[in-house]
>>> print(open('my_file.pdb').read())   # PDB, C-alpha atoms, pLDDT in the B column
ATOM      1  CA  MET A   1    -217.721  52.806  16.483  1.00 45.00           C
ATOM      2  CA  ALA A   2    -214.474  54.461  15.570  1.00 49.00           C
ATOM      3  CA  LEU A   3    -214.448  58.037  14.364  1.00 48.00           C
ATOM      4  CA  ILE A   4    -211.679  58.891  11.976  1.00 49.00           C
ATOM      5  CA  PHE A   5    -210.896  62.406  10.816  1.00 46.00           C
ATOM      6  CA  LYS A   6    -210.432  62.803   7.089  1.00 48.00           C
ATOM      7  CA  GLU A   7    -209.756  65.928   5.054  1.00 54.00           C
ATOM      8  CA  SER A   8    -213.482  66.266   4.358  1.00 52.00           C
ATOM      9  CA  GLY A   9    -214.407  65.886   8.070  1.00 51.00           C
ATOM     10  CA  TRP A  10    -215.278  63.104  10.504  1.00 55.00           C
ATOM     11  CA  CYS A  11    -216.103  59.726   9.081  1.00 58.00           C
ATOM     12  CA  ASP A  12    -217.913  56.853  10.803  1.00 65.00           C
ATOM     13  CA  MET A  13    -216.090  53.612  10.242  1.00 69.00           C
ATOM     14  CA  PRO A  14    -216.810  50.311  11.907  1.00 71.00           C
ATOM     15  CA  GLY A  15    -214.401  49.494  14.643  1.00 78.00           C
ATOM     16  CA  ILE A  16    -214.428  47.993  18.094  1.00 81.00           C
ATOM     17  CA  VAL A  17    -212.575  48.711  21.287  1.00 82.00           C
ATOM     18  CA  LEU A  18    -210.812  45.597  22.514  1.00 83.00           C
ATOM     19  CA  ARG A  19    -211.453  44.676  26.113  1.00 80.00           C
ATOM     20  CA  SER A  20    -208.915  42.894  28.259  1.00 83.00           C
ATOM     21  CA  ASP A  21    -211.205  39.890  28.846  1.00 85.00           C
ATOM     22  CA  ASP A  22    -212.227  39.377  25.179  1.00 84.00           C
ATOM     23  CA  ASN A  23    -210.834  36.588  23.094  1.00 89.00           C
ATOM     24  CA  PHE A  24    -210.423  36.841  19.327  1.00 90.00           C
ATOM     25  CA  ASP A  25    -213.692  35.064  18.473  1.00 90.00           C
ATOM     26  CA  ALA A  26    -215.838  37.371  20.609  1.00 88.00           C
ATOM     27  CA  SER A  27    -214.128  40.469  19.229  1.00 88.00           C
ATOM     28  CA  TYR A  28    -214.479  39.255  15.651  1.00 90.00           C
ATOM     29  CA  ARG A  29    -218.169  38.477  16.233  1.00 90.00           C
ATOM     30  CA  ARG A  30    -218.779  42.022  17.542  1.00 89.00           C
ATOM     31  CA  PHE A  31    -216.951  43.509  14.555  1.00 88.00           C
ATOM     32  CA  LYS A  32    -218.944  41.409  12.071  1.00 88.00           C
ATOM     33  CA  LYS A  33    -222.198  42.418  13.762  1.00 89.00           C
ATOM     34  CA  GLN A  34    -221.252  46.076  13.473  1.00 87.00           C
ATOM     35  CA  THR A  35    -220.358  45.822   9.779  1.00 84.00           C
ATOM     36  CA  ASP A  36    -223.630  43.980   9.104  1.00 85.00           C
ATOM     37  CA  ARG A  37    -225.578  46.721  10.871  1.00 85.00           C
ATOM     38  CA  ASN A  38    -223.892  49.384   8.744  1.00 84.00           C
ATOM     39  CA  LEU A  39    -224.503  47.415   5.490  1.00 83.00           C
ATOM     40  CA  ILE A  40    -220.874  47.826   4.475  1.00 83.00           C
ATOM     41  CA  VAL A  41    -220.467  44.443   2.790  1.00 82.00           C
ATOM     42  CA  THR A  42    -223.765  44.801   0.918  1.00 81.00           C
ATOM     43  CA  GLU A  43    -222.828  48.231  -0.379  1.00 84.00           C
ATOM     44  CA  ALA A  44    -219.356  47.071  -1.416  1.00 85.00           C
ATOM     45  CA  ARG A  45    -220.846  44.199  -3.412  1.00 83.00           C
ATOM     46  CA  ALA A  46    -223.326  46.543  -5.074  1.00 82.00           C
ATOM     47  CA  ARG A  47    -220.544  48.937  -6.094  1.00 84.00           C
ATOM     48  CA  ARG A  48    -218.245  46.193  -7.331  1.00 87.00           C
ATOM     49  CA  PHE A  49    -219.421  46.494 -10.942  1.00 87.00           C
ATOM     50  CA  HIS A  50    -220.909  49.475 -12.701  1.00 86.00           C
ATOM     51  CA  GLU A  51    -224.642  49.148 -13.176  1.00 85.00           C
ATOM     52  CA  THR A  52    -226.419  51.252 -15.779  1.00 91.00           C
ATOM     53  CA  GLU A  53    -229.747  52.953 -15.125  1.00 93.00           C
ATOM     54  CA  THR A  54    -231.445  50.486 -17.467  1.00 95.00           C
ATOM     55  CA  GLU A  55    -230.177  47.536 -15.417  1.00 91.00           C
ATOM     56  CA  LYS A  56    -231.310  49.204 -12.186  1.00 91.00           C
ATOM     57  CA  ARG A  57    -234.805  49.766 -13.579  1.00 95.00           C
ATOM     58  CA  LYS A  58    -234.930  46.205 -14.864  1.00 96.00           C
ATOM     59  CA  LYS A  59    -233.936  44.785 -11.463  1.00 93.00           C
ATOM     60  CA  PHE A  60    -236.483  47.012  -9.728  1.00 95.00           C
ATOM     61  CA  LYS A  61    -239.243  45.840 -12.083  1.00 97.00           C
ATOM     62  CA  ILE A  62    -238.336  42.183 -11.544  1.00 96.00           C
ATOM     63  CA  ALA A  63    -238.243  42.639  -7.759  1.00 95.00           C
ATOM     64  CA  SER A  64    -241.612  44.400  -7.702  1.00 96.00           C
ATOM     65  CA  ARG A  65    -243.166  41.692  -9.881  1.00 97.00           C
ATOM     66  CA  LYS A  66    -241.803  38.985  -7.542  1.00 96.00           C
ATOM     67  CA  LYS A  67    -243.157  40.837  -4.528  1.00 96.00           C
ATOM     68  CA  MET A  68    -246.605  41.155  -6.137  1.00 96.00           C
ATOM     69  CA  LEU A  69    -246.708  37.474  -7.110  1.00 96.00           C
ATOM     70  CA  LYS A  70    -245.675  36.460  -3.606  1.00 94.00           C
ATOM     71  CA  ARG A  71    -248.465  38.566  -2.116  1.00 94.00           C
ATOM     72  CA  LEU A  72    -250.965  37.075  -4.570  1.00 93.00           C
ATOM     73  CA  TYR A  73    -249.794  33.541  -3.730  1.00 92.00           C
ATOM     74  CA  MET A  74    -250.162  34.185  -0.004  1.00 90.00           C
ATOM     75  CA  MET A  75    -253.659  35.637  -0.469  1.00 90.00           C
ATOM     76  CA  ARG A  76    -254.804  32.636  -2.527  1.00 89.00           C
ATOM     77  CA  ARG A  77    -253.299  30.281   0.010  1.00 87.00           C
ATOM     78  CA  TYR A  78    -255.139  32.052   2.812  1.00 83.00           C
ATOM     79  CA  GLU A  79    -258.453  32.087   0.901  1.00 82.00           C
ATOM     80  CA  SER A  80    -258.286  28.352   0.252  1.00 76.00           C
ATOM     81  CA  ARG A  81    -258.319  27.709   3.993  1.00 76.00           C
ATOM     82  CA  LEU A  82    -261.561  29.634   4.512  1.00 70.00           C
TER      83      LEU A  82
END
>>> encode(input="my_file.pdb", output="structure tokens")
Amino acid sequence: MALIFKESGWCDMPGIVLRSDDNFDASYRRFKKQTDRNLIVTEARARRFHETETEKRKKFKIASRKKMLKRLYMMRRYESRL
């Protein structure tokens, strides 16, 4: 992890230290793994377009309803085997 000093202080940014025995593919794989762990790509996609509070609430409601229906489906599926 590379630490970069900005005006506001230290900032954690994904970065890797290249080793002498690493090829490009291995280095790229380590970098991708680090960015995935830090959820950088996910956050960038979420911030790509402005989302109003109404849209956020709507998405949250839809996600919670899907989660509840999935749980209900799994329970019914389990009960049918008994």
>>> resolve_selection(input="my_file.pdb", expression="the PyMOL selection byres ((chain A and resi 26-43) around 12)", output="list in words")
Met1, Ala2, Asp12, Met13, Pro14, Gly15, Ile16, Val17, Leu18, Arg19, Ser20, Asp21, Asp22, Asn23, Phe24, Asp25, Ala44, Arg45, Ala46, Arg47, Arg48 and Phe49 of chain A
>>> atom_distance(input="my_file.pdb", atom1="atom CA of A:Leu72", atom2="atom CA of A:Glu53")
28.5 Å
>>> atom_distance(input="my_file.pdb", atom1="atom CA of A:Leu69", atom2="atom CA of A:Lys56")
20.0 Å
>>> atom_distance(input="my_file.pdb", atom1="atom CA of A:Ala63", atom2="atom CA of A:Glu51")
16.0 Å
>>> axis_aligned_box(input="my_file.pdb", around="stretch 55-68 of chain A", padding_each_side="4 Å", output="lines of an AutoDock Vina configuration file")
center_x = -238.4
center_y = 44.4
center_z = -10.0
size_x = 24.4
size_y = 18.8
size_z = 18.9
